[in-house]
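J.: Here's a structure for you.
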Amino acid sequence: MDFEYILGGITASTMVLLFVLFSSASKKEAKDLAHAENNGGTMITTTTSENGNRHQEISPTMDIIIVGAGVAGAALACTLGKEGRRVHVIERDLTEPDRIVGELLQPGGYLKLIELDLQDCVGEIDSQQVFGYALYKDGKNTKLSYPLEKFDSDVSGRSFHNGRFIQRLREKASTLPNVKLEQGTVTSLVEENGVIKGVNYKSRSGQELTAKAPLTIVCDGCFSNLRRSLCNPKVDVASHFVGLVLENCNLPYANHGHVILGDPSPILFYPISSTEIRCLVDVPAGEKLPSLGNGDMARYLKTVVAPQVPPELHASFIAAVDKGNIRCMPNRSMPASPYPTPGALLMGDAFNMRHPLTGGGMTVALSDIVLLRNLLRPLLDLHDANALCKYLESFYTLRKPMASTINTLAGALYKVFCASPDPARKEMRQACFDYLSLGGVFSDGPISLLSGLNPRPLSLVLHFFAVAIYGVARLLLPFPSLKRMWIGARLISGASAIIFPIIRAEGIRQMFFPVTVPAYYRTPPTNLHD
């Protein structure tokens, strides 16, 4: 009898224990599901590493991870989110950025913004329409208008505060239910057997997390700490920009950017709001950058730069210097030299940079986003990383017309616009100013290239050497001399030395003969879109 009681007690206790364990597991599962719903459908599990640190891993319910929410990252998130992709954006700092570049969007870039249905993001931020440039040299000036006759009246360049534009893009992205915008610092890429599976990052609260997705797109800007594993970065600092904001003044040519061919290098003015004008003073890499802290920069701006500023802006320029809100930043250039990597892609300044003189960076980035959207559109599944990587190799070739045109023009124009004691370089600079001053096709052609409206590398090379030949003709007419012939020969040689290294870095074959590159013809893999 006692044995039966004991056996019955053991049986009952076992049943109670099983019931308690089952109830606990059910509650944990419900809690995990609720937590997943609160995290945009992502499941989070906690593991303990060998050193004892707790590390949470977010399971791959997202389609794409975007590192960085600047212009490229935020616009890409909006675009892919509207395509139905589940996107996780991780940005180091979601407060409004305060930068002195990325403030001028060329007409070609604005057309891409329209194509992405993001043109409303330049609304409500006091952005200004820009219709062209005014070029100044040695007391003379000429107006160069964008060739916009074939477009709607709304199409033009746009200038604005960079941070306001980025915040509008972020706000738009955050309204999409399938886009998760999170503040965090990405520390590394997660690689398994040569395939990028996601990223490790620290959340705003300091938690160490891992996010996974079939495709990771790195858009973390010019100071990217992730690009080294995805490309061969050859970063060159050609100069520095010294930035000021002028107030209570009007530009000589309303709604135009102003470029002063100063000594030693160009000075830029353009509106960034209805009451503010941005001034960027270029200091070449060969010149010592004056110190901000000991007052050398203020003295440099007043004694060297101010005398070259148009009279209409002089008083406001001096007032801006006295106000003391002077900013400096390096002007970096880096040709696109990617390592095609399964599971990952580079975009924006993390991938490709050019001198900001021509304001082409955002145009290139938005053009790349349109291209990537179109390439991904037929794909229903992104999980075959190797097939996707091979297919997306076409991205690097198809982007070349727009990217290489703007990159090459930016690098070449900067070198031509800088002052030099070399007589041949002086003649090239003067020939460029006079060539553009001719108007008609002589100005429309180069300006259409600069604005992103005519992304044709061959047209760029033809105009560049037309300037050089024009300069030689000026030297030899009406009567040539041995000295002038020698300067003319050095002018052609100098022009070649400026443009050909840039073309070589961009890739001659991809730039001029893209149809000969096998990747140009890549079609969507059948296992990804069927």
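Chain labels A, B, ... are given in the sequence in which chains occur in the structure tokens; within each chain residues are numbered consecutively from 1, and ligands are likewise numbered from 1 in the order shown.
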Apply DSSP to the structure's backbone, then extract all residues of stretch 242-476 of chain A labelled helix (DSSP H, G or I) and return them as an NGL selection string.
T.: :A and (296-308 or 311-323 or 348-350 or 356-358 or 361-376 or 385-398 or 400-417 or 423-437 or 441-450 or 457-476)
J.: Using DSSP on the backbone coordinates, identify the residues of stretch 274-423 of chain A assigned to strand (DSSP E or B); present them as a list in words.
T.: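 Taking stretch 274-423 of chain A and keeping strand (DSSP E or B) only, one gets Glu276, Ile277, Arg278, Cys279, Leu280, Val281, Asp282, Val283, Pro284, Arg327, Cys328, Met329, Pro330, Asn331, Arg332, Ser333, Met334, Pro338, Thr341, Ala344, Leu345, Leu346 and Met353 of chain A.
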J.: Determine, counting only C-alpha atoms, which protein, DNA and RNA residues have an atom within 10 Å of an atom of stretch 387-394 of chain A; residues of the same chain fewer than 4 positions away are not included. Present the result as a VMD selection string.
T.: chain A and resid 195 214 to 215 338 to 345 371 to 372 375 to 376 379 381 to 383 398 to 399 514 517 to 528
J.: From the list A:Ala403, A:Ala134, A:Val87, A:Leu111, which residue is nearest A:Val155 when using only C-alpha atoms?
T.: A:Leu111
J.: Set the distance at 7 Å and use only C-alpha atoms: which residues neighbour stretch 484-489 of chain A once local chain neighbours fewer than 5 positions away are removed? I'd like the list as a PyMOL selection string.
T.: chain A and resi 423-424+472+475-476
J.: So that I can see what lies close to A:Met62, please list as a PyMOL selection string the residues with an atom at most 7 Å from it, counting only C-alpha atoms and leaving out residues fewer than 2 positions away in the same chain.
T.: chain A and resi 60+64+86-88+213
J.: Can you tell me which residues surround A:Lys143 at a distance of at most 12 Å, considering only C-alpha atoms, apart from same-chain residues fewer than 5 positions away, and format the answer as number ranges by chain?
T.: A: 131-136, 252-259, 433-434, 436-440, 443-444, 447
J.: What does the file look like for those residues with N, CA and C atoms, as a CSV table (one decimal), in the first residue's frame?
T.:
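This went into out-v4.csv:
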chain,number,residue,atom,x,y,z
A,131,PHE,N,20.1,77.8,-61.3
A,131,PHE,CA,19.9,77.7,-62.7
A,131,PHE,C,21.2,77.8,-63.5
A,132,GLY,N,22.3,77.8,-62.8
A,132,GLY,CA,23.6,77.8,-63.5
A,132,GLY,C,24.7,78.4,-62.6
A,133,TYR,N,25.7,78.9,-63.3
A,133,TYR,CA,26.9,79.4,-62.6
A,133,TYR,C,27.3,80.8,-63.1
A,134,ALA,N,28.0,81.5,-62.3
A,134,ALA,CA,28.7,82.7,-62.7
A,134,ALA,C,30.2,82.5,-62.5
A,135,LEU,N,31.0,82.7,-63.5
A,135,LEU,CA,32.4,82.5,-63.4
A,135,LEU,C,33.2,83.8,-63.4
A,136,TYR,N,34.0,84.0,-62.5
A,136,TYR,CA,34.8,85.2,-62.3
A,136,TYR,C,36.3,84.9,-62.5
A,252,PRO,N,25.5,88.4,-56.8
A,252,PRO,CA,25.4,89.2,-58.1
A,252,PRO,C,24.4,88.6,-59.1
A,253,TYR,N,24.5,87.3,-59.3
A,253,TYR,CA,23.5,86.6,-60.1
A,253,TYR,C,22.6,85.7,-59.3
A,254,ALA,N,21.4,86.1,-59.1
A,254,ALA,CA,20.5,85.4,-58.3
A,254,ALA,C,20.3,84.0,-58.7
A,255,ASN,N,20.2,83.0,-57.8
A,255,ASN,CA,19.9,81.6,-58.1
A,255,ASN,C,21.0,81.0,-59.0
A,256,HIS,N,22.2,81.5,-58.8
A,256,HIS,CA,23.4,80.9,-59.5
A,256,HIS,C,24.5,80.6,-58.5
A,257,GLY,N,25.2,79.6,-58.7
A,257,GLY,CA,26.5,79.4,-58.0
A,257,GLY,C,27.5,80.3,-58.6
A,258,HIS,N,28.4,80.8,-57.8
A,258,HIS,CA,29.5,81.7,-58.2
A,258,HIS,C,30.8,81.0,-58.0
A,259,VAL,N,31.6,81.0,-59.0
A,259,VAL,CA,33.0,80.4,-58.9
A,259,VAL,C,34.0,81.5,-59.2
A,433,PHE,N,38.4,79.7,-69.3
A,433,PHE,CA,37.5,80.8,-69.0
A,433,PHE,C,36.9,81.4,-70.3
A,434,ASP,N,37.8,81.7,-71.3
A,434,ASP,CA,37.4,82.3,-72.5
A,434,ASP,C,36.5,81.3,-73.4
A,436,LEU,N,34.5,79.0,-72.2
A,436,LEU,CA,33.1,79.0,-71.6
A,436,LEU,C,32.4,80.3,-71.9
A,437,SER,N,33.1,81.4,-72.0
A,437,SER,CA,32.5,82.7,-72.2
A,437,SER,C,32.0,82.8,-73.6
A,438,LEU,N,32.4,81.9,-74.6
A,438,LEU,CA,31.9,82.0,-75.9
A,438,LEU,C,30.4,81.8,-76.0
A,439,GLY,N,29.8,81.0,-75.0
A,439,GLY,CA,28.4,80.7,-75.0
A,439,GLY,C,28.0,79.7,-76.0
A,440,GLY,N,26.7,79.5,-76.2
A,440,GLY,CA,26.3,78.5,-77.2
A,440,GLY,C,26.7,77.1,-76.8
A,443,SER,N,29.6,76.6,-74.1
A,443,SER,CA,29.2,76.6,-72.7
A,443,SER,C,28.2,75.5,-72.3
A,444,ASP,N,27.2,75.3,-73.2
A,444,ASP,CA,26.1,74.4,-73.0
A,444,ASP,C,26.7,73.0,-72.9
A,447,ILE,N,28.6,72.5,-69.4
A,447,ILE,CA,27.7,72.7,-68.3
A,447,ILE,C,26.7,71.5,-68.3
J.: Between A:Ile65, A:Cys432, A:Val235, A:Ala315, which has the minimum distance to A:Lys197 (counting only C-alpha atoms)?
T.: A:Ile65
J.: Just checking: using only C-alpha atoms, which residue out of A:Asn325, A:Ile114, A:Thr61, A:Ala74 ends up closest to A:Gly198?
T.: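 Among the listed residues, A:Thr61 lies closest to A:Gly198.
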J.: Mind pulling up the distance from atom CA of A:Arg354 to atom CA of A:Ala410?
T.: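 Here the two named atoms are 6.4 Å from each other.
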J.: Write out as a list in words each polymer residue whose atoms come within 8 Å of stretch 498-507 of chain A, counting only C-alpha atoms; drop sequence neighbours fewer than 3 positions from it.
T.: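 Residues near the query, excluding close chain neighbours: Pro335, Ala336, Ser404, Thr408, Gly411, Ala412, Lys415, Gly494, Ala495, Gln510 and Met511 of chain A.
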J.: Please save N, CA, C and O atoms of the selected residues as a CSV table (one decimal), in the first residue's frame.
T.:
chain,number,residue,atom,x,y,z
A,335,PRO,N,38.7,56.8,-56.5
A,335,PRO,CA,38.1,56.0,-57.6
A,335,PRO,C,37.4,54.7,-57.1
A,335,PRO,O,37.9,54.2,-56.1
A,336,ALA,N,36.4,54.3,-57.7
A,336,ALA,CA,35.7,53.1,-57.4
A,336,ALA,C,36.5,51.9,-57.8
A,336,ALA,O,36.8,51.7,-58.9
A,404,SER,N,31.6,58.2,-64.1
A,404,SER,CA,33.0,58.6,-64.6
A,404,SER,C,33.0,60.0,-65.3
A,404,SER,O,34.0,60.7,-65.2
A,408,THR,N,35.5,62.5,-63.5
A,408,THR,CA,36.6,63.0,-64.3
A,408,THR,C,36.6,64.5,-64.5
A,408,THR,O,37.6,65.2,-64.4
A,411,GLY,N,37.7,66.2,-61.2
A,411,GLY,CA,39.2,66.2,-61.0
A,411,GLY,C,39.9,67.1,-62.0
A,411,GLY,O,40.9,67.8,-61.6
A,412,ALA,N,39.5,67.0,-63.2
A,412,ALA,CA,40.2,67.8,-64.3
A,412,ALA,C,39.9,69.3,-64.1
A,412,ALA,O,40.9,70.1,-64.2
A,415,LYS,N,42.0,71.0,-61.3
A,415,LYS,CA,43.4,71.2,-61.6
A,415,LYS,C,43.5,72.4,-62.6
A,415,LYS,O,44.5,73.2,-62.5
A,494,GLY,N,50.3,69.2,-70.9
A,494,GLY,CA,49.8,69.4,-69.6
A,494,GLY,C,48.3,69.0,-69.5
A,494,GLY,O,47.9,68.3,-68.5
A,495,ALA,N,47.6,69.3,-70.5
A,495,ALA,CA,46.2,68.8,-70.5
A,495,ALA,C,46.1,67.3,-70.5
A,495,ALA,O,45.2,66.7,-69.8
A,510,GLN,N,35.7,50.3,-69.1
A,510,GLN,CA,34.4,50.5,-68.6
A,510,GLN,C,33.8,51.9,-68.9
A,510,GLN,O,32.6,52.0,-69.1
A,511,MET,N,34.7,52.8,-69.0
A,511,MET,CA,34.3,54.2,-69.2
A,511,MET,C,33.9,54.5,-70.7
A,511,MET,O,32.8,55.1,-71.0
J.: May I ask which of the residues A:Arg299, A:Lys426, A:His355, A:Arg373 is the closest one to A:Glu115, counting only C-alpha atoms?
T.: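 Between A:Arg299, A:Lys426, A:His355, A:Arg373, the residue approaching A:Glu115 most closely is A:Arg373.
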J.: Rounded to one decimal place, report the atom CA of A:Ala468-atom CA of A:Gly157 distance in Å.
T.: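 Atom CA of A:Gly157 lies 28.4 Å from atom CA of A:Ala468.
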J.: Between A:Lys323, A:His240, A:Arg377, A:Lys234, which residue has the minimum interatomic distance to A:Leu357, considering only C-alpha atoms?
T.: A:His240
J.: Taking only C-alpha atoms into account, name the residue in A:Gly348, A:Pro457, A:Pro378, A:Gly184 that is nearest to A:Pro401.
T.: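 Answer, going by the shortest atom-to-atom distance: A:Pro457.
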